[in-house]
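Comments concern the structure below.
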Amino acid sequence: MEITLTNSNDAGALEFPWGAIKWLCNDQIDPEAEMTFGVVYINAGEGNPTHYHPNCEELIYVLSGECDHKLGDEVIPLRPGMMLRIPRNVKHNAVNTGWQPVTMIICYSDANRKTVFEE
């Protein structure tokens, strides 16, 4: 049995103007993985760009903070303890509506998740 063990305290963060992502499992970390898993935060007042995932669905679980998540034309307010499933190919983005970073666990149904950004 092969396992993957990672620690978010040791993982390097990919920094963006809006926040950061720490990947804890994907096909680059473990070639045998079948999913992608990470932790993301979005700075207060910021949002990530509108995008979609053509090869996988996404699950988002809010750990702290709050945000509005836009899926197509629908806006869904998210708070700690809430989980949102985003189907494959649905355009979406999150905007932090609070005064502190919103921190979320993100999980994708493919270890090599693809992301397409809206121009």
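For the structure tokens, the naming scheme is as follows: chains receive sequential letters (A, B, ...) according to their order of presentation, residues are indexed from 1 within each chain, and ligands are indexed from 1 in presentation order.
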
Quick one: everything within 10 Å of Ala94 in chain A, counting only C-alpha atoms, minus sequence neighbours fewer than 4 positions away in the same chain. Send it as a ChimeraX atom specification. /A:42,46-50,66-71,75-78,102

So which residues of range 5-111 of chain A fall under strand (DSSP E or B) by DSSP, listed as an NGL selection string? :A and (14-16 or 19-25 or 36-42 or 47 or 51-52 or 58-64 or 67-71 or 74-78 or 83-86 or 92-96 or 102-108)

Please provide as a ChimeraX atom specification all residues within 10 Å of Tyr61 in chain A, with the sequence filter that same-chain residues fewer than 6 positions apart are discarded (counting only C-alpha atoms). /A:39,78-85,103-107

Two-atom distance - CA of Asn112 in chain A, CA of Gly19 in chain A (Å):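 Interatomic distance, CA of Asn112 in chain A to CA of Gly19 in chain A: 21.6 Å.
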
When you draw a straight line from CA of His53 in chain A to CA of Trp99 in chain A, how long is it in Å? 28.5 Å

When you draw a straight line from CA of Trp23 in chain A to CA of Glu57 in chain A, how long is it in Å? 16.5 Å

Tyr52 in chain A: which residues within 12 Å, counting only C-alpha atoms, same-chain residues fewer than 4 positions away excluded, as a VMD selection string? chain A and resid 48 56 to 58 70 to 72 86 to 93 108 113 to 119
